[in-house]
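*Asks:* Below is the file structure.tsv, which contains TSV, C-alpha atoms and all ligand atoms.
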chain	number	residue	atom	x	y	z
R	1	MET	CA	27.80	-10.71	-11.53
R	2	ASN	CA	25.82	-10.65	-8.29
R	3	GLU	CA	23.13	-13.35	-8.59
R	4	THR	CA	20.52	-11.11	-6.96
R	5	ASN	CA	20.76	-8.71	-9.86
R	6	THR	CA	19.47	-11.31	-12.32
R	7	LEU	CA	16.24	-11.79	-10.35
R	8	PRO	CA	13.01	-10.20	-11.59
R	9	LEU	CA	12.34	-6.76	-10.13
R	10	SER	CA	9.25	-7.93	-8.18
R	11	ARG	CA	11.34	-10.63	-6.51
R	12	ARG	CA	14.04	-8.15	-5.59
R	13	LEU	CA	11.45	-5.81	-4.13
R	14	LYS	CA	10.02	-8.64	-2.06
R	15	GLU	CA	13.44	-9.69	-0.78
R	16	ALA	CA	14.40	-6.12	0.09
R	17	THR	CA	11.22	-5.55	2.12
R	18	THR	CA	10.30	-8.93	3.63
R	19	SER	CA	11.60	-8.22	7.12
R	20	THR	CA	10.09	-4.70	7.13
R	21	HIS	CA	6.77	-6.22	6.10
R	22	GLU	CA	6.89	-8.84	8.85
R	23	THR	CA	7.59	-6.22	11.51
R	24	LEU	CA	4.72	-4.11	10.20
R	25	ASP	CA	2.29	-7.06	10.24
R	26	GLN	CA	3.24	-7.84	13.82
R	27	SER	CA	2.82	-4.20	14.87
R	28	ILE	CA	-0.61	-3.97	13.26
R	29	MET	CA	-1.81	-7.23	14.80
R	30	SER	CA	-0.36	-6.43	18.24
R	31	ARG	CA	-2.39	-3.22	18.26
R	32	ASN	CA	-5.59	-5.27	17.89
R	33	MET	CA	-6.60	-3.21	14.89
R	34	PHE	CA	-8.93	-5.97	13.69
R	35	ALA	CA	-10.45	-6.73	17.09
R	36	THR	CA	-12.55	-3.63	17.77
R	37	THR	CA	-14.32	-0.95	15.75
R	38	LYS	CA	-12.00	1.70	17.19
R	39	GLY	CA	-8.91	-0.31	16.28
R	40	TYR	CA	-10.24	-0.87	12.79
R	41	ARG	CA	-11.00	2.85	12.39
R	42	ASP	CA	-7.37	3.58	13.25
R	43	PHE	CA	-6.31	1.05	10.60
R	44	VAL	CA	-8.43	2.77	7.93
R	45	LEU	CA	-6.99	6.15	8.98
R	46	LEU	CA	-3.52	4.64	8.60
R	47	GLN	CA	-4.48	3.46	5.13
R	48	TYR	CA	-5.76	6.96	4.33
R	49	ARG	CA	-2.41	8.49	5.26
R	50	PHE	CA	-0.51	5.96	3.17
R	51	HIS	CA	-2.81	6.12	0.17
R	52	GLN	CA	-2.92	9.91	0.03
R	53	HIS	CA	0.68	9.61	-1.13
R	54	LEU	CA	-0.11	6.78	-3.55
R	55	ASP	CA	-3.14	8.56	-5.05
R	56	PRO	CA	-1.22	10.80	-7.50
R	57	LEU	CA	1.13	7.93	-8.41
R	58	TYR	CA	-1.80	5.99	-9.87
R	59	ARG	CA	-2.01	8.81	-12.44
R	60	HIS	CA	1.72	8.79	-13.26
R	61	GLU	CA	2.03	9.27	-17.03
R	62	VAL	CA	5.06	7.07	-17.59
R	63	LEU	CA	3.80	4.29	-15.33
R	64	ALA	CA	0.37	4.36	-17.02
R	65	GLY	CA	2.17	3.13	-20.13
R	66	ILE	CA	3.78	0.27	-18.20
R	67	ILE	CA	1.19	-0.98	-15.69
R	68	PRO	CA	-2.18	-2.21	-17.08
R	69	GLY	CA	-5.27	-0.46	-15.69
R	70	LEU	CA	-3.16	1.73	-13.44
R	71	GLU	CA	-5.83	4.32	-12.59
R	72	ALA	CA	-8.48	1.69	-11.84
R	73	ARG	CA	-6.15	0.08	-9.27
R	74	ASN	CA	-6.34	3.17	-7.02
R	75	ARG	CA	-8.23	2.52	-3.76
R	76	PHE	CA	-8.05	6.03	-2.30
R	77	SER	CA	-11.72	6.83	-2.98
R	78	LEU	CA	-12.77	3.47	-1.43
R	79	ILE	CA	-10.81	4.34	1.71
R	80	GLN	CA	-12.65	7.65	1.87
R	81	GLU	CA	-15.97	5.80	1.55
R	82	ASP	CA	-14.91	3.41	4.32
R	83	LEU	CA	-14.15	6.34	6.62
R	84	ASN	CA	-17.55	7.75	5.77
R	85	ASP	CA	-19.20	4.40	6.67
R	86	LEU	CA	-17.33	4.52	9.98
R	87	GLY	CA	-18.65	8.04	10.67
R	88	GLU	CA	-15.12	9.39	10.61
R	89	PRO	CA	-14.53	12.82	9.07
R	90	LEU	CA	-11.85	12.88	6.39
R	91	PRO	CA	-8.54	14.13	7.75
R	92	SER	CA	-8.04	17.64	6.48
R	93	HIS	CA	-4.29	17.69	6.80
R	94	PRO	CA	-2.32	18.98	3.89
R	95	THR	CA	-0.15	16.43	2.20
R	96	PHE	CA	2.78	16.94	-0.09
R	97	LEU	CA	5.19	14.20	-0.93
R	98	PRO	CA	6.91	14.76	-4.24
R	99	VAL	CA	7.56	11.37	-5.82
R	100	GLU	CA	7.99	11.99	-9.53
R	101	ASP	CA	10.74	9.62	-10.58
R	102	ALA	CA	9.02	6.68	-12.32
R	103	SER	CA	11.25	4.07	-10.63
R	104	VAL	CA	10.75	5.45	-7.13
R	105	ALA	CA	7.01	5.74	-7.81
R	106	ALA	CA	6.89	2.10	-9.03
R	107	GLY	CA	8.47	1.04	-5.72
R	108	TRP	CA	5.75	2.87	-3.79
R	109	LEU	CA	3.09	1.28	-5.99
R	110	TYR	CA	4.59	-2.17	-5.39
R	111	VAL	CA	3.84	-1.68	-1.68
R	112	GLY	CA	0.26	-0.51	-2.36
R	113	GLU	CA	-0.49	-3.26	-4.86
R	114	GLY	CA	1.21	-6.00	-2.81
R	115	SER	CA	-0.83	-5.04	0.24
R	116	LYS	CA	-3.93	-6.17	-1.71
R	117	LEU	CA	-2.69	-9.74	-1.14
R	118	GLY	CA	-2.57	-9.33	2.62
R	119	ALA	CA	-6.03	-7.72	2.34
R	120	GLY	CA	-7.43	-11.16	1.43
R	121	PHE	CA	-6.63	-12.23	4.97
R	122	LEU	CA	-7.49	-8.92	6.64
R	123	ILE	CA	-10.98	-8.71	5.13
R	124	LYS	CA	-11.91	-11.95	6.89
R	125	LEU	CA	-10.95	-10.40	10.23
R	126	ALA	CA	-12.82	-7.20	9.38
R	127	GLN	CA	-15.94	-9.21	8.53
R	128	LYS	CA	-15.90	-10.73	12.02
R	129	ILE	CA	-16.40	-7.27	13.47
R	130	GLY	CA	-19.06	-6.28	10.94
R	131	PHE	CA	-17.24	-4.65	8.01
R	132	THR	CA	-17.78	-5.92	4.48
R	133	PRO	CA	-16.89	-5.07	0.87
R	134	SER	CA	-20.03	-2.90	0.78
R	135	PHE	CA	-19.66	-1.29	4.22
R	136	GLY	CA	-16.49	-0.12	5.93
R	137	ALA	CA	-14.12	-2.59	4.25
R	138	ARG	CA	-14.62	-1.56	0.62
R	139	HIS	CA	-10.90	-0.99	0.13
R	140	LEU	CA	-10.03	-4.52	1.29
R	141	ALA	CA	-12.15	-6.15	-1.46
R	142	PRO	CA	-10.28	-7.72	-4.39
R	143	ASP	CA	-9.86	-5.91	-7.69
R	144	PRO	CA	-12.64	-6.95	-10.14
R	145	GLU	CA	-10.31	-9.36	-11.98
R	146	GLY	CA	-9.40	-11.14	-8.71
R	147	ARG	CA	-6.41	-10.76	-6.38
R	148	GLY	CA	-4.14	-13.29	-8.09
R	149	LEU	CA	-4.59	-12.05	-11.64
R	150	SER	CA	-4.38	-8.39	-10.67
R	151	TRP	CA	-1.13	-9.02	-8.76
R	152	ASN	CA	0.38	-11.18	-11.54
R	153	ARG	CA	-0.35	-8.50	-14.12
R	154	PHE	CA	1.28	-5.86	-11.95
R	155	ARG	CA	4.35	-8.00	-11.31
R	156	GLU	CA	4.76	-8.98	-14.95
R	157	ALA	CA	4.48	-5.35	-16.00
R	158	ILE	CA	7.24	-4.10	-13.71
R	159	ASP	CA	9.39	-7.18	-14.36
R	160	HIS	CA	9.37	-6.41	-18.08
R	161	ALA	CA	10.04	-2.68	-17.91
R	162	PRO	CA	13.76	-2.12	-18.55
R	163	GLU	CA	13.27	1.62	-18.06
R	164	LEU	CA	12.70	1.06	-14.32
R	165	ASP	CA	15.86	1.25	-12.25
R	166	PRO	CA	15.80	-1.51	-9.58
R	167	THR	CA	17.86	0.44	-7.05
R	168	ARG	CA	15.50	3.41	-7.16
R	169	CYS	CA	12.44	1.10	-7.08
R	170	ILE	CA	13.74	-0.55	-3.91
R	171	GLN	CA	14.41	2.86	-2.42
R	172	GLY	CA	10.78	3.84	-3.14
R	173	ALA	CA	9.37	0.61	-1.63
R	174	GLN	CA	11.47	0.98	1.51
R	175	ASP	CA	10.42	4.60	1.82
R	176	ALA	CA	6.75	3.61	1.48
R	177	PHE	CA	7.05	1.00	4.25
R	178	ARG	CA	8.92	3.54	6.38
R	179	HIS	CA	6.02	5.97	6.04
R	180	VAL	CA	3.40	3.37	6.96
R	181	ARG	CA	5.45	2.33	9.97
R	182	ARG	CA	5.89	5.89	11.13
R	183	TYR	CA	2.18	6.69	10.73
R	184	LEU	CA	1.35	3.58	12.76
R	185	GLU	CA	3.65	4.66	15.56
R	186	SER	CA	2.71	8.35	15.47
R	187	PRO	CA	-0.89	8.62	14.28
R	188	GLU	CA	-0.78	12.39	14.70
R	189	ASP	CA	1.99	12.72	12.11
R	190	VAL	CA	0.50	13.23	8.71
R	191	LEU	CA	3.55	13.99	6.67
R	192	MET	CA	7.06	12.68	6.52
R	193	HIS	CA	9.56	14.40	4.32
R	194	PRO	CA	11.68	12.11	2.18
R	201	LIG	C1	-0.68	-1.23	5.41
R	201	LIG	C2	-0.12	-2.35	5.81
R	201	LIG	C3	0.48	-3.38	4.86
R	201	LIG	C4	1.26	-3.20	3.76
R	201	LIG	C5	1.74	-1.88	3.18
R	201	LIG	C6	1.54	-4.52	3.21
R	201	LIG	C7	2.29	-4.78	2.07
R	201	LIG	C8	2.41	-5.99	1.44
R	201	LIG	C9	3.15	-6.28	0.24
R	201	LIG	C10	3.99	-5.27	-0.52
R	201	LIG	C11	2.97	-7.58	-0.07
R	201	LIG	C12	3.51	-8.31	-1.32
R	201	LIG	C13	4.75	-9.11	-1.00
R	201	LIG	C14	5.23	-9.84	-2.26
R	201	LIG	O1	6.01	-9.24	-3.02
R	201	LIG	O2	4.80	-10.98	-2.47
R	201	LIG	C15	2.12	-8.16	0.93
R	201	LIG	C16	1.71	-9.48	0.98
R	201	LIG	C17	1.12	-10.05	2.07
R	201	LIG	N1	0.72	-9.42	3.22
R	201	LIG	FE1	0.92	-7.46	3.64
R	201	LIG	N2	0.95	-5.46	4.00
R	201	LIG	C18	0.30	-4.81	5.03
R	201	LIG	C19	-0.38	-5.38	6.08
R	201	LIG	C20	-0.49	-6.72	6.26
R	201	LIG	C21	-1.03	-7.34	7.44
R	201	LIG	C22	-1.53	-6.59	8.70
R	201	LIG	C23	-1.01	-8.68	7.23
R	201	LIG	C24	-1.42	-9.79	8.12
R	201	LIG	C25	-1.20	-9.85	9.40
R	201	LIG	C26	-0.45	-8.91	5.92
R	201	LIG	C27	-0.29	-10.14	5.33
R	201	LIG	C28	0.20	-10.36	4.08
R	201	LIG	C29	0.25	-11.66	3.44
R	201	LIG	C30	-0.26	-12.96	4.06
R	201	LIG	C31	0.82	-11.46	2.17
R	201	LIG	C32	1.17	-12.53	1.14
R	201	LIG	C33	-0.04	-13.06	0.50
R	201	LIG	C34	0.32	-14.09	-0.55
R	201	LIG	O3	1.51	-14.24	-0.91
R	201	LIG	O4	-0.61	-14.73	-1.02
R	201	LIG	N3	-0.12	-7.70	5.36
R	201	LIG	N4	1.79	-7.17	1.84
Represent the structure from my file as C-alpha cells, please.
Ligand code: HEM
*Replies:*
Amino acid sequence: MNETNTLPLSRRLKEATTSTHETLDQSIMSRNMFATTKGYRDFVLLQYRFHQHLDPLYRHEVLAGIIPGLEARNRFSLIQEDLNDLGEPLPSHPTFLPVEDASVAAGWLYVGEGSKLGAGFLIKLAQKIGFTPSFGARHLAPDPEGRGLSWNRFREAIDHAPELDPTRCIQGAQDAFRHVRRYLESPEDVLMHP
C-alpha cells in the first residue's frame, strides 16, 4: 500500500497543496498587498471573490453533520463589512460555481479554514497600515475559540469522516487554490468554470 494513503486527510491536503500555497504567498507579498491601503483593498476584493464560492459551502447539509460549527466559520459577511469600511462598493458580478459533492466541497473548505492560520500573520501587517479586527480587517480576526482550537477541530472532523473521498477532497483544494491564483492574476475575472 502507498504510505501516503495511510496519512490523515488533512495531512494529505497539506502535502498536495504546499507548493501552490508557497507560490501564492509569494505572489501576494510581491504585490505589496499589505503595504498600502490600495494594495490591501485589492487583497480584500480577492478574498471576496474566493469567499463568494465558499459561502454556500458553509451551509452544506452533509458537511454540517461532519464539521463542528460549520455555519459560524463563514467569514463572507465580515469580508463585506471590511469592504464597506474601506469605502469599496460590493462587486455586483454574478457568481455561479456548482460545488455540491461533499468531498470536493470539503477540499474547498480546507483552503478557506487553513487560510485562517496565515491570517494570524497577515493581521499584524494589516494593523501596521491601520486596519484592525473592528475596522477593515474583521475577516482576519481569529474565530472566537482561537485559531489553534478552531483549526484542530476542523482537521479532526475531516480526518475522522470516512465518507469523504481523499482524491476528490484534494481535487477541490487544488481547484480552490487555482481560483485564488487566477483572481490574483486577473482581478477583472470574477468567475472561473471548473
Ligand atoms: C487567500 C490567500 C491564502 C490562502 C487561500 C491560504 C491558505 C492556507 C492554508 C490552506 C493553510 C493551512 C495549511 C495546513 O494544512 O497546515 C495556510 C497556512 C498558512 N498560511 Fe496561508 N493562505 C493564504 C495566504 C497567505 C499569505 C499571504 C501568507 C503569508 C505570507 C500565508 C501564510 C501562512 C502561514 C504562515 C500558514 C501556517 C500557519 C501555521 O502553521 O501556524 N498565507 N494557508
*Asks:* Do you know which residues are within 6 Å of ligand LIG 201 (chain R) using only C-alpha atoms and all ligand atoms? Can you write them as an mmCIF file with C-alpha atoms, keeping the file's coordinate frame?
*Replies:*
data_model
loop_
_atom_site.group_PDB
_atom_site.id
_atom_site.type_symbol
_atom_site.label_atom_id
_atom_site.label_comp_id
_atom_site.auth_asym_id
_atom_site.auth_seq_id
_atom_site.Cartn_x
_atom_site.Cartn_y
_atom_site.Cartn_z
ATOM 1 C CA LYS R 14 10.020 -8.640 -2.060
ATOM 2 C CA ASP R 25 2.290 -7.060 10.240
ATOM 3 C CA ILE R 28 -0.610 -3.970 13.260
ATOM 4 C CA TYR R 110 4.590 -2.170 -5.390
ATOM 5 C CA VAL R 111 3.840 -1.680 -1.680
ATOM 6 C CA GLY R 112 0.260 -0.510 -2.360
ATOM 7 C CA GLY R 114 1.210 -6.000 -2.810
ATOM 8 C CA SER R 115 -0.830 -5.040 0.240
ATOM 9 C CA LEU R 117 -2.690 -9.740 -1.140
ATOM 10 C CA GLY R 118 -2.570 -9.330 2.620
#
*Asks:* Determine, for each residue of region 96-181 of chain R having at least one atom at most 10 Å from an atom of region 63-73 of chain R, the closest pair of atoms and their separation in Å to one decimal, counting all atoms listed in the file; order by chain and ascending number, as JSON lines.
*Replies:*
{"residue": "R:Asp101", "atom": "CA", "partner": "R:Leu63", "partner_atom": "CA", "distance": 10.0}
{"residue": "R:Ala102", "atom": "CA", "partner": "R:Leu63", "partner_atom": "CA", "distance": 6.5}
{"residue": "R:Ser103", "atom": "CA", "partner": "R:Leu63", "partner_atom": "CA", "distance": 8.8}
{"residue": "R:Ala105", "atom": "CA", "partner": "R:Leu63", "partner_atom": "CA", "distance": 8.3}
{"residue": "R:Ala106", "atom": "CA", "partner": "R:Leu63", "partner_atom": "CA", "distance": 7.4}
{"residue": "R:Leu109", "atom": "CA", "partner": "R:Leu70", "partner_atom": "CA", "distance": 9.7}
{"residue": "R:Gly112", "atom": "CA", "partner": "R:Arg73", "partner_atom": "CA", "distance": 9.4}
{"residue": "R:Glu113", "atom": "CA", "partner": "R:Arg73", "partner_atom": "CA", "distance": 7.9}
{"residue": "R:Asp143", "atom": "CA", "partner": "R:Arg73", "partner_atom": "CA", "distance": 7.2}
{"residue": "R:Pro144", "atom": "CA", "partner": "R:Arg73", "partner_atom": "CA", "distance": 9.6}
{"residue": "R:Ser150", "atom": "CA", "partner": "R:Arg73", "partner_atom": "CA", "distance": 8.8}
{"residue": "R:Arg153", "atom": "CA", "partner": "R:Pro68", "partner_atom": "CA", "distance": 7.2}
{"residue": "R:Phe154", "atom": "CA", "partner": "R:Ile67", "partner_atom": "CA", "distance": 6.1}
{"residue": "R:Arg155", "atom": "CA", "partner": "R:Ile67", "partner_atom": "CA", "distance": 8.9}
{"residue": "R:Glu156", "atom": "CA", "partner": "R:Ile67", "partner_atom": "CA", "distance": 8.8}
{"residue": "R:Ala157", "atom": "CA", "partner": "R:Ile67", "partner_atom": "CA", "distance": 5.5}
{"residue": "R:Ile158", "atom": "CA", "partner": "R:Ile67", "partner_atom": "CA", "distance": 7.1}
{"residue": "R:His160", "atom": "CA", "partner": "R:Ile66", "partner_atom": "CA", "distance": 8.7}
{"residue": "R:Ala161", "atom": "CA", "partner": "R:Ile66", "partner_atom": "CA", "distance": 6.9}
{"residue": "R:Glu163", "atom": "CA", "partner": "R:Ile66", "partner_atom": "CA", "distance": 9.6}
{"residue": "R:Leu164", "atom": "CA", "partner": "R:Leu63", "partner_atom": "CA", "distance": 9.5}
*Asks:* Of the candidates R:Asn74, R:Leu9, R:Arg178, R:Ala119, which shows the shortest atom-to-atom distance to Arg59 (chain R), using only C-alpha atoms?
*Replies:* R:Asn74
*Asks:* Every residue with an atom at most 12 Å from (6.2, -2.3, 15.6) (file coordinates; all atoms listed in the file) is what I'm after, so could you write them as a list of chain:residue names?
*Replies:*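 So the residues meeting the distance criterion are R:Ser19, R:Thr20, R:His21, R:Glu22, R:Thr23, R:Leu24, R:Asp25, R:Gln26, R:Ser27, R:Ile28, R:Met29, R:Ser30, R:Arg31, R:Phe177, R:Arg178, R:Val180, R:Arg181, R:Arg182, R:Tyr183, R:Leu184, R:Glu185, R:Ser186.
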*Asks:* Which residues are close to Val99 (chain R), i.e. within 12 Å by all atoms listed in the file, leaving aside same-chain residues fewer than 6 positions away? Reply as number ranges by chain.
*Replies:* R: 53-60, 105-109, 168-169, 171-173, 175-176, 193-194
*Asks:* I'd like the interatomic distance between CA of Phe43 (chain R) and CA of Val104 (chain R), to a tenth of an Å.
*Replies:*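 That distance, rounded to one decimal, is 25.0 Å.
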*Asks:* What is the CA of Ile129 (chain R) to CA of Leu90 (chain R) distance in Å?
*Replies:*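 Going from CA of Ile129 (chain R) over to CA of Leu90 (chain R), I get 21.8 Å.
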*Asks:* Skip Gly87 (chain R) itself and residues of its chain fewer than 6 positions away, then list as a list in words all residues within 12 Å of it, counting only C-alpha atoms.
*Replies:* Thr37, Lys38, Arg41, Val44, Leu45, Gln80, Glu81, Phe135 and Gly136 of chain R
*Asks:* Counting all atoms listed in the file, which residues come within 12 Å of (-15.2, -11.3, 11.1), with the point read in the file's coordinates, and could you list them as a VMD selection string?
*Replies:* chain R and resid 34 to 37 40 121 to 132 137
*Asks:* For Asp165 (chain R), which residue out of R:Gln47, R:Asn5, R:Gln52, R:Thr95 is the nearest one, using all atoms listed in the file?
*Replies:*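 Among R:Gln47, R:Asn5, R:Gln52, R:Thr95, it is R:Asn5 that comes nearest to Asp165 (chain R).
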*Asks:* Between R:Asn84, R:Asn152, R:Ser77, R:Asn32, which is the closest to Lys116 (chain R) once you count only C-alpha atoms?
*Replies:*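 Checking each candidate against Lys116 (chain R), we get R:Asn152 as the closest.
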*Asks:* Take every atom of region 94-104 of chain R listed in the file, pad by 6 Å on each side, and give me the axis-aligned box centre and edge lengths in Å, one decimal, as AutoDock Vina command-line options.
*Replies:*
--center_x 4.5 --center_y 11.5 --center_z -4.2 --size_x 25.6 --size_y 26.9 --size_z 28.2
*Asks:* So the first atom is CA of Ala141 (chain R) and the second is CA of Gly120 (chain R); what is the distance between them in Å, to one decimal place?
*Replies:*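 If I compute the distance from CA of Ala141 (chain R) to CA of Gly120 (chain R), I get 7.5 Å.
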*Asks:* Which one of R:Ala16, R:Leu7, R:Ile170, R:Ile79 sits closest to Arg138 (chain R) if you count all atoms listed in the file?
*Replies:*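 Closest candidate: R:Ile79.
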*Asks:* Here is a test: counting only C-alpha atoms, which residue of R:Asp82, R:Thr167, R:Arg11, R:Thr18 is nearest to Asp42 (chain R)?
*Replies:* R:Asp82
*Asks:* Is there a way to complete region 18-40 of chain R with N, CA, C and O atoms and then write that out as an mmCIF file, in the coordinates of the input?
*Replies:*
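Below is the file that was written, result.cif:
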data_model
loop_
_atom_site.group_PDB
_atom_site.id
_atom_site.type_symbol
_atom_site.label_atom_id
_atom_site.label_comp_id
_atom_site.auth_asym_id
_atom_site.auth_seq_id
_atom_site.Cartn_x
_atom_site.Cartn_y
_atom_site.Cartn_z
ATOM 1 N N THR R 18 10.975 -7.871 2.858
ATOM 2 C CA THR R 18 10.300 -8.930 3.630
ATOM 3 C C THR R 18 10.352 -8.697 5.139
ATOM 4 O O THR R 18 9.324 -8.776 5.818
ATOM 5 N N SER R 19 11.525 -8.361 5.655
ATOM 6 C CA SER R 19 11.600 -8.220 7.120
ATOM 7 C C SER R 19 10.830 -6.983 7.570
ATOM 8 O O SER R 19 10.154 -7.008 8.603
ATOM 9 N N THR R 20 10.871 -5.913 6.781
ATOM 10 C CA THR R 20 10.090 -4.700 7.130
ATOM 11 C C THR R 20 8.609 -5.042 7.160
ATOM 12 O O THR R 20 7.869 -4.592 8.034
ATOM 13 N N HIS R 21 8.181 -5.845 6.172
ATOM 14 C CA HIS R 21 6.770 -6.220 6.100
ATOM 15 C C HIS R 21 6.369 -7.047 7.318
ATOM 16 O O HIS R 21 5.320 -6.811 7.922
ATOM 17 N N GLU R 22 7.213 -7.980 7.702
ATOM 18 C CA GLU R 22 6.890 -8.840 8.850
ATOM 19 C C GLU R 22 6.742 -8.008 10.124
ATOM 20 O O GLU R 22 5.816 -8.210 10.905
ATOM 21 N N THR R 23 7.660 -7.062 10.303
ATOM 22 C CA THR R 23 7.590 -6.220 11.510
ATOM 23 C C THR R 23 6.299 -5.400 11.497
ATOM 24 O O THR R 23 5.643 -5.243 12.527
ATOM 25 N N LEU R 24 5.945 -4.914 10.304
ATOM 26 C CA LEU R 24 4.720 -4.110 10.200
ATOM 27 C C LEU R 24 3.492 -4.955 10.519
ATOM 28 O O LEU R 24 2.621 -4.535 11.288
ATOM 29 N N ASP R 25 3.416 -6.163 9.959
ATOM 30 C CA ASP R 25 2.290 -7.060 10.240
ATOM 31 C C ASP R 25 2.133 -7.261 11.740
ATOM 32 O O ASP R 25 1.044 -7.164 12.290
ATOM 33 N N GLN R 26 3.289 -7.560 12.375
ATOM 34 C CA GLN R 26 3.240 -7.840 13.820
ATOM 35 C C GLN R 26 2.764 -6.608 14.583
ATOM 36 O O GLN R 26 1.958 -6.717 15.504
ATOM 37 N N SER R 27 3.229 -5.441 14.169
ATOM 38 C CA SER R 27 2.820 -4.200 14.870
ATOM 39 C C SER R 27 1.324 -3.971 14.715
ATOM 40 O O SER R 27 0.642 -3.583 15.664
ATOM 41 N N ILE R 28 0.821 -4.205 13.498
ATOM 42 C CA ILE R 28 -0.610 -3.970 13.260
ATOM 43 C C ILE R 28 -1.440 -4.957 14.094
ATOM 44 O O ILE R 28 -2.391 -4.569 14.772
ATOM 45 N N MET R 29 -1.031 -6.225 14.075
ATOM 46 C CA MET R 29 -1.810 -7.230 14.800
ATOM 47 C C MET R 29 -1.701 -7.014 16.311
ATOM 48 O O MET R 29 -2.673 -7.187 17.035
ATOM 49 N N SER R 30 -0.510 -6.606 16.794
ATOM 50 C CA SER R 30 -0.360 -6.430 18.240
ATOM 51 C C SER R 30 -1.159 -5.232 18.749
ATOM 52 O O SER R 30 -1.433 -5.127 19.937
ATOM 53 N N ARG R 31 -1.539 -4.354 17.847
ATOM 54 C CA ARG R 31 -2.390 -3.220 18.260
ATOM 55 C C ARG R 31 -3.868 -3.564 18.204
ATOM 56 O O ARG R 31 -4.726 -2.689 18.335
ATOM 57 N N ASN R 32 -4.180 -4.819 17.934
ATOM 58 C CA ASN R 32 -5.590 -5.270 17.890
ATOM 59 C C ASN R 32 -6.436 -4.454 16.929
ATOM 60 O O ASN R 32 -7.606 -4.175 17.204
ATOM 61 N N MET R 33 -5.863 -4.084 15.801
ATOM 62 C CA MET R 33 -6.600 -3.210 14.890
ATOM 63 C C MET R 33 -7.768 -3.920 14.200
ATOM 64 O O MET R 33 -8.597 -3.266 13.578
ATOM 65 N N PHE R 34 -7.804 -5.247 14.305
ATOM 66 C CA PHE R 34 -8.930 -5.970 13.690
ATOM 67 C C PHE R 34 -9.803 -6.630 14.754
ATOM 68 O O PHE R 34 -10.569 -7.536 14.454
ATOM 69 N N ALA R 35 -9.674 -6.143 16.002
ATOM 70 C CA ALA R 35 -10.450 -6.730 17.090
ATOM 71 C C ALA R 35 -11.610 -5.841 17.526
ATOM 72 O O ALA R 35 -12.613 -6.331 18.048
ATOM 73 N N THR R 36 -11.490 -4.550 17.323
ATOM 74 C CA THR R 36 -12.550 -3.630 17.770
ATOM 75 C C THR R 36 -12.812 -2.594 16.662
ATOM 76 O O THR R 36 -11.958 -2.360 15.803
ATOM 77 N N THR R 37 -13.980 -1.978 16.738
ATOM 78 C CA THR R 37 -14.320 -0.950 15.750
ATOM 79 C C THR R 37 -13.326 0.212 15.835
ATOM 80 O O THR R 37 -12.890 0.750 14.811
ATOM 81 N N LYS R 38 -12.944 0.588 17.047
ATOM 82 C CA LYS R 38 -12.000 1.700 17.190
ATOM 83 C C LYS R 38 -10.638 1.345 16.582
ATOM 84 O O LYS R 38 -10.024 2.148 15.871
ATOM 85 N N GLY R 39 -10.182 0.133 16.859
ATOM 86 C CA GLY R 39 -8.910 -0.310 16.280
ATOM 87 C C GLY R 39 -8.984 -0.310 14.759
ATOM 88 O O GLY R 39 -8.057 0.154 14.076
ATOM 89 N N TYR R 40 -10.089 -0.790 14.242
ATOM 90 C CA TYR R 40 -10.240 -0.870 12.790
ATOM 91 C C TYR R 40 -10.290 0.552 12.178
ATOM 92 O O TYR R 40 -9.711 0.803 11.123
#
